[in-house]
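Structure data follow from my_file_35.txt (compact mmCIF, C-alpha atoms):
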# COMPACT_ATOMS: atom_id res chain seq x y z
CA MET A 14 -2.93 -0.34 -28.59
CA ILE A 15 -2.84 0.56 -24.89
CA LYS A 16 -1.47 4.05 -24.32
CA ALA A 17 -2.49 4.63 -20.71
CA ILE A 18 -3.09 2.65 -17.54
CA PHE A 19 -5.56 3.72 -14.86
CA PHE A 20 -5.15 2.47 -11.32
CA ASP A 21 -7.66 2.23 -8.53
CA ALA A 22 -6.17 3.48 -5.24
CA VAL A 23 -7.25 1.73 -2.01
CA GLY A 24 -6.89 -2.04 -2.27
CA THR A 25 -4.86 -1.75 -5.46
CA LEU A 26 -1.91 0.56 -4.77
CA PHE A 27 -2.11 0.82 -0.99
CA ARG A 28 -4.01 -0.24 2.11
CA LEU A 29 -4.54 0.89 5.70
CA THR A 30 -1.85 -0.09 8.19
CA LYS A 31 -4.59 -1.36 10.55
CA THR A 32 -8.35 -1.90 10.31
CA VAL A 33 -10.68 1.07 9.94
CA GLY A 34 -11.96 0.20 13.42
CA ASP A 35 -8.47 0.45 14.89
CA HIS A 36 -7.95 3.86 13.28
CA TYR A 37 -11.35 5.10 14.43
CA ALA A 38 -10.60 3.90 17.98
CA TYR A 39 -7.31 5.81 17.87
CA VAL A 40 -9.13 8.94 16.72
CA GLY A 41 -11.63 8.48 19.53
CA GLY A 42 -8.79 8.42 22.03
CA GLU A 43 -7.40 11.63 20.56
CA VAL A 44 -10.67 13.44 21.38
CA GLY A 45 -11.26 11.77 24.74
CA LEU A 46 -13.62 8.99 23.69
CA ASP A 47 -13.19 5.34 24.65
CA LEU A 48 -14.56 3.41 21.67
CA ASP A 49 -14.15 -0.29 20.89
CA ALA A 50 -12.21 -1.02 17.70
CA GLN A 51 -14.12 -4.17 16.76
CA SER A 52 -17.49 -2.48 17.26
CA LEU A 53 -16.30 0.43 15.14
CA GLU A 54 -15.14 -1.96 12.41
CA ARG A 55 -18.52 -3.70 12.27
CA ALA A 56 -20.31 -0.36 12.30
CA PHE A 57 -18.13 1.02 9.51
CA ARG A 58 -18.76 -1.99 7.26
CA ALA A 59 -22.50 -1.70 7.81
CA ALA A 60 -22.49 2.07 7.24
CA TRP A 61 -20.40 1.73 4.06
CA LYS A 62 -22.99 -0.63 2.59
CA GLN A 63 -25.79 1.70 3.68
CA MET A 64 -24.47 4.74 1.83
CA PRO A 65 -26.48 5.12 -1.39
CA GLN A 66 -24.95 5.29 -4.84
CA ARG A 67 -25.11 8.77 -6.34
CA ALA A 68 -25.91 9.90 -9.84
CA ALA A 69 -23.25 11.78 -11.76
CA ILE A 70 -23.43 15.58 -11.82
CA ASP A 71 -21.83 18.18 -14.05
CA GLY A 72 -18.70 19.42 -12.35
CA PRO A 73 -17.18 18.80 -8.92
CA ARG A 74 -19.19 18.00 -5.82
CA GLU A 75 -19.53 20.56 -3.04
CA ASN A 76 -16.73 20.90 -0.46
CA ASP A 77 -14.64 18.06 -1.94
CA ASP A 78 -17.25 15.53 -0.75
CA LYS A 79 -16.43 16.23 2.89
CA HIS A 80 -20.16 16.19 3.75
CA TRP A 81 -20.39 12.63 2.34
CA TRP A 82 -17.71 11.44 4.74
CA ARG A 83 -19.46 13.23 7.62
CA GLU A 84 -22.66 11.37 6.79
CA LEU A 85 -20.76 8.06 6.82
CA VAL A 86 -19.10 8.82 10.16
CA ASP A 87 -22.45 9.82 11.67
CA LEU A 88 -23.87 6.43 10.65
CA VAL A 89 -20.93 4.72 12.37
CA LEU A 90 -21.36 6.75 15.56
CA ASP A 91 -25.11 6.15 15.53
CA ARG A 92 -24.31 2.45 15.95
CA VAL A 93 -21.51 2.57 18.51
CA ALA A 94 -22.20 5.75 20.49
CA PRO A 95 -25.77 6.90 19.82
CA SER A 96 -25.85 9.22 22.83
CA LEU A 97 -22.79 11.19 21.71
CA ASN A 98 -23.46 14.92 21.63
CA GLU A 99 -23.00 17.08 18.55
CA LEU A 100 -19.78 18.71 19.78
CA ASP A 101 -18.11 15.32 20.35
CA ARG A 102 -19.32 14.16 16.93
CA ASP A 103 -17.86 17.27 15.31
CA ASN A 104 -14.52 16.80 17.07
CA PHE A 105 -14.36 13.11 16.17
CA PHE A 106 -15.12 13.77 12.52
CA GLU A 107 -12.65 16.62 12.06
CA VAL A 108 -9.79 14.67 13.64
CA ALA A 109 -10.71 11.54 11.67
CA TYR A 110 -10.86 13.48 8.41
CA GLU A 111 -7.34 14.82 8.94
CA HIS A 112 -6.04 11.51 10.31
CA PHE A 113 -6.74 9.58 7.12
CA ALA A 114 -4.55 11.96 5.11
CA GLU A 115 -1.56 11.67 7.46
CA ALA A 116 1.71 9.87 6.82
CA GLY A 117 1.88 6.40 8.33
CA VAL A 118 -1.83 5.65 8.08
CA TRP A 119 -1.55 3.94 4.69
CA GLU A 120 1.06 1.55 3.31
CA LEU A 121 1.99 0.47 -0.20
CA TYR A 122 1.62 -3.08 -1.39
CA PRO A 123 5.23 -4.28 -1.64
CA GLU A 124 5.44 -4.66 -5.42
CA VAL A 125 3.92 -1.27 -6.30
CA PRO A 126 7.03 0.97 -6.68
CA GLY A 127 8.90 -1.56 -8.82
CA VAL A 128 5.93 -2.17 -11.10
CA LEU A 129 5.24 1.54 -11.56
CA GLU A 130 8.90 2.13 -12.45
CA LYS A 131 8.61 -0.47 -15.21
CA LEU A 132 5.34 0.93 -16.54
CA GLN A 133 6.07 4.65 -16.51
CA PRO A 134 8.48 4.75 -19.49
CA ARG A 135 5.94 3.04 -21.78
CA PHE A 136 2.52 4.24 -20.62
CA GLN A 137 0.74 7.30 -19.32
CA LEU A 138 -0.25 6.44 -15.75
CA ALA A 139 -3.22 7.84 -13.83
CA VAL A 140 -5.24 7.10 -10.70
CA VAL A 141 -9.04 6.89 -10.85
CA SER A 142 -10.59 6.59 -7.41
CA ASN A 143 -13.74 7.11 -5.36
CA PHE A 144 -11.87 9.55 -3.13
CA ASP A 145 -11.28 13.27 -2.70
CA GLY A 146 -8.41 15.74 -2.82
CA ARG A 147 -6.70 14.11 0.17
CA LEU A 148 -5.62 11.32 -2.17
CA ARG A 149 -2.86 13.48 -3.66
CA LEU A 150 -1.35 14.01 -0.22
CA ILE A 151 -1.52 10.28 0.50
CA LEU A 152 0.24 9.45 -2.78
CA HIS A 153 2.90 12.03 -1.90
CA HIS A 154 3.43 10.54 1.57
CA LEU A 155 3.78 7.08 0.00
CA GLY A 156 6.38 8.34 -2.49
CA ILE A 157 4.50 7.35 -5.67
CA SER A 158 2.89 10.61 -6.81
CA LYS A 159 5.80 11.11 -9.23
CA PHE A 160 4.60 8.19 -11.34
CA PHE A 161 1.16 9.64 -12.15
CA GLY A 162 0.47 12.36 -14.67
CA HIS A 163 -3.15 12.58 -13.51
CA VAL A 164 -5.05 11.84 -10.32
CA PHE A 165 -8.80 11.67 -10.95
CA VAL A 166 -11.04 11.58 -7.87
CA SER A 167 -14.79 11.22 -7.80
CA SER A 168 -15.33 14.37 -5.73
CA GLU A 169 -13.79 16.47 -8.52
CA LEU A 170 -15.13 14.61 -11.55
CA GLY A 171 -18.66 14.53 -10.12
CA ALA A 172 -19.14 10.80 -10.74
CA ASP A 173 -18.51 7.72 -8.63
CA LYS A 174 -17.53 4.18 -9.55
CA PRO A 175 -19.12 1.97 -10.77
CA ASP A 176 -20.79 4.62 -12.96
CA PRO A 177 -18.96 4.38 -16.32
CA GLU A 178 -19.13 8.19 -16.45
CA ILE A 179 -16.13 8.58 -14.13
CA TYR A 180 -13.99 6.55 -16.51
CA GLY A 181 -15.34 8.32 -19.57
CA ARG A 182 -14.55 11.72 -18.11
CA ALA A 183 -11.02 10.68 -17.15
CA VAL A 184 -10.38 9.29 -20.64
CA LYS A 185 -11.66 12.50 -22.23
CA LEU A 186 -9.51 14.71 -20.00
CA MET A 187 -6.44 12.79 -21.19
CA ASN A 188 -7.47 13.12 -24.86
CA LEU A 189 -7.61 9.36 -25.28
CA LYS A 190 -10.11 6.81 -26.55
CA PRO A 191 -11.54 4.14 -24.21
CA ASN A 192 -9.88 1.32 -26.17
CA GLU A 193 -6.50 2.95 -25.53
CA VAL A 194 -6.81 2.59 -21.75
CA LEU A 195 -6.35 -0.35 -19.38
CA HIS A 196 -7.86 -0.07 -15.91
CA VAL A 197 -6.36 -1.95 -12.95
CA GLY A 198 -8.47 -2.53 -9.85
CA ASP A 199 -9.54 -5.00 -7.20
CA ASP A 200 -13.30 -4.41 -6.94
CA PRO A 201 -15.49 -6.59 -9.22
CA GLU A 202 -18.30 -4.03 -9.43
CA ARG A 203 -16.60 -0.65 -9.11
CA ASP A 204 -13.51 -1.47 -11.14
CA TRP A 205 -14.13 -4.45 -13.41
CA GLU A 206 -17.77 -3.86 -14.38
CA GLY A 207 -17.61 -0.05 -14.35
CA ALA A 208 -14.49 0.20 -16.51
CA THR A 209 -15.70 -2.48 -18.91
CA ALA A 210 -19.00 -0.64 -19.36
CA ALA A 211 -17.00 2.48 -20.27
CA GLY A 212 -15.16 0.57 -23.00
CA LEU A 213 -11.83 0.17 -21.20
CA SER A 214 -9.76 -2.99 -21.01
CA ILE A 215 -9.33 -4.28 -17.46
CA PHE A 216 -6.81 -6.14 -15.33
CA ARG A 217 -8.58 -8.05 -12.57
CA LEU A 218 -6.46 -7.66 -9.46
CA ASP A 219 -7.46 -10.40 -7.02
CA ARG A 220 -4.92 -10.71 -4.21
CA PRO A 221 -3.55 -13.13 -3.13
CA LYS A 222 -4.33 -15.03 -6.34
CA ASN A 223 -2.35 -12.46 -8.31
CA SER A 224 -0.59 -9.12 -7.84
CA LEU A 225 0.58 -6.14 -9.85
CA ARG A 226 3.63 -8.18 -10.81
CA ASP A 227 1.28 -10.22 -12.97
CA LEU A 228 0.21 -6.99 -14.67
CA ALA A 229 3.81 -6.35 -15.69
CA THR A 230 4.08 -9.93 -16.94
CA THR A 231 0.84 -9.59 -18.93
CA LEU A 232 2.20 -6.44 -20.60
CA LYS A 233 5.48 -8.29 -21.32
CA LEU A 234 7.63 -5.92 -19.28

Exercise: express the given structure as C-alpha cells:
Amino acid sequence: MIKAIFFDAVGTLFRLTKTVGDHYAYVGGEVGLDLDAQSLERAFRAAWKQMPQRAAIDGPRENDDKHWWRELVDLVLDRVAPSLNELDRDNFFEVAYEHFAEAGVWELYPEVPGVLEKLQPRFQLAVVSNFDGRLRLILHHLGISKFFGHVFVSSELGADKPDPEIYGRAVKLMNLKPNEVLHVGDDPERDWEGATAAGLSIFRLDRPKNSLRDLATTLKL
C-alpha cells in the first residue's frame, strides 16, 4: 500500500531554461568575463563526471554543501579560463551560486502542477534530491512548494544519491516503511537503482517516452 511519493527534482519536476553553459556565460558577463557558452557546457559536463561520489555521514554537511559547488565551478574554470585569478573566481562563483536560486532560471515540465494536484489528496508528497537548501526557494519560485510536506536534500541528510542511505533516512523521518513509498525519478543510477536498493517502489521517468501523466495513470487517478 503506497502512502507516500518521493520525487527527484531536476529532470523530474523542473529543468533549466537554457543550458548550464548559457547560464554560466551569463554569470560571466555579470562579473565582466567573456566566456563561451559551448565551452562552458562541455567543461561542466566533464567536471560533473569528475566529481567523486561521497560516503554518507551522520548529520548535515558543512555550509550546506556550498564548498562542493565551489569545487565543481573551479574544475569548470580550470578548463575554460585557467589563468583566471582568485578574485575573479570568487566573484564568478558567488554570483553563480545566487543565480541558480533566482526566479526565471528554472522552469516546470508542463504536466507537473496538474499531476501534483491529483496526487496530493491521496498521498504524502516529498522531494528527495542531490541539492541543498536553495531547492526550497526554487520550488517556491515555481509555485509548487505547497504540494510537498517534506523537502529532503543531500546536504542536510548527509547522504547523496545513489546511496540508498538518503532514501532510508527520508523514509524514517516520515515515519514510514520503505514498501510504503514510491520514488519518481529520471536517473537510472541515482533514482532507479538507489531507491530500489533502499526497498522503495520506483516509477521510471524516461522523457519523452513517458511523463508524469503516466504516473497518474499508473496510480489510477

Counting all atoms listed in the file, which residues of range 156-219 of chain A sit at most 12 Å from some atom of range 105-125 of chain A, and what is each one's closest atom pair with its distance in Å to one decimal, listed by chain and rising residue number, as a tab-separated table?
residue	atom	partner	partner_atom	distance
A:Gly156	CA	A:Leu121	CA	9.3
A:Ile157	CA	A:Val125	CA	8.7
A:Ser158	CA	A:Val125	CA	11.9
A:Phe160	CA	A:Val125	CA	10.7

### Task
Work out how far CA of Arg102 in chain A is from CA of Tyr37 in chain A, in Å to one decimal.
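Rounded to one decimal, the two atoms are 12.3 Å apart.
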
### Task
With all atoms listed in the file counted, which protein, DNA or RNA residues have an atom no more than 12 Å from (-20.8, 12.7, -11.3) in the file frame? Please answer as a PyMOL selection string.
chain A and resi 66-75+78+143+166-183

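Using all atoms listed in the file for every distance, the candidate list A:Asp35, A:Asp199, A:Asp103, A:Glu84 yields A:Asp199 as the residue closest to Ser224 in chain A.
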
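Between Gln137 in chain A and the residues A:Leu218, A:Val93, A:Ala50, A:Ile15, the shortest atom-to-atom distance, using only C-alpha atoms, involves A:Ile15.
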
### Atomic distance CA of Val23 in chain A - CA of Ala94 in chain A, expressed in Å with one decimal
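Result for CA of Val23 in chain A versus CA of Ala94 in chain A: 27.3 Å, one decimal.
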
### Message
Taking all atoms listed in the file into account, name the residue in A:Gly127, A:Asn188, A:Leu234, A:Val194 that is nearest to Leu26 in chain A.
### Response
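Among A:Gly127, A:Asn188, A:Leu234, A:Val194, it is A:Gly127 that comes nearest to Leu26 in chain A.
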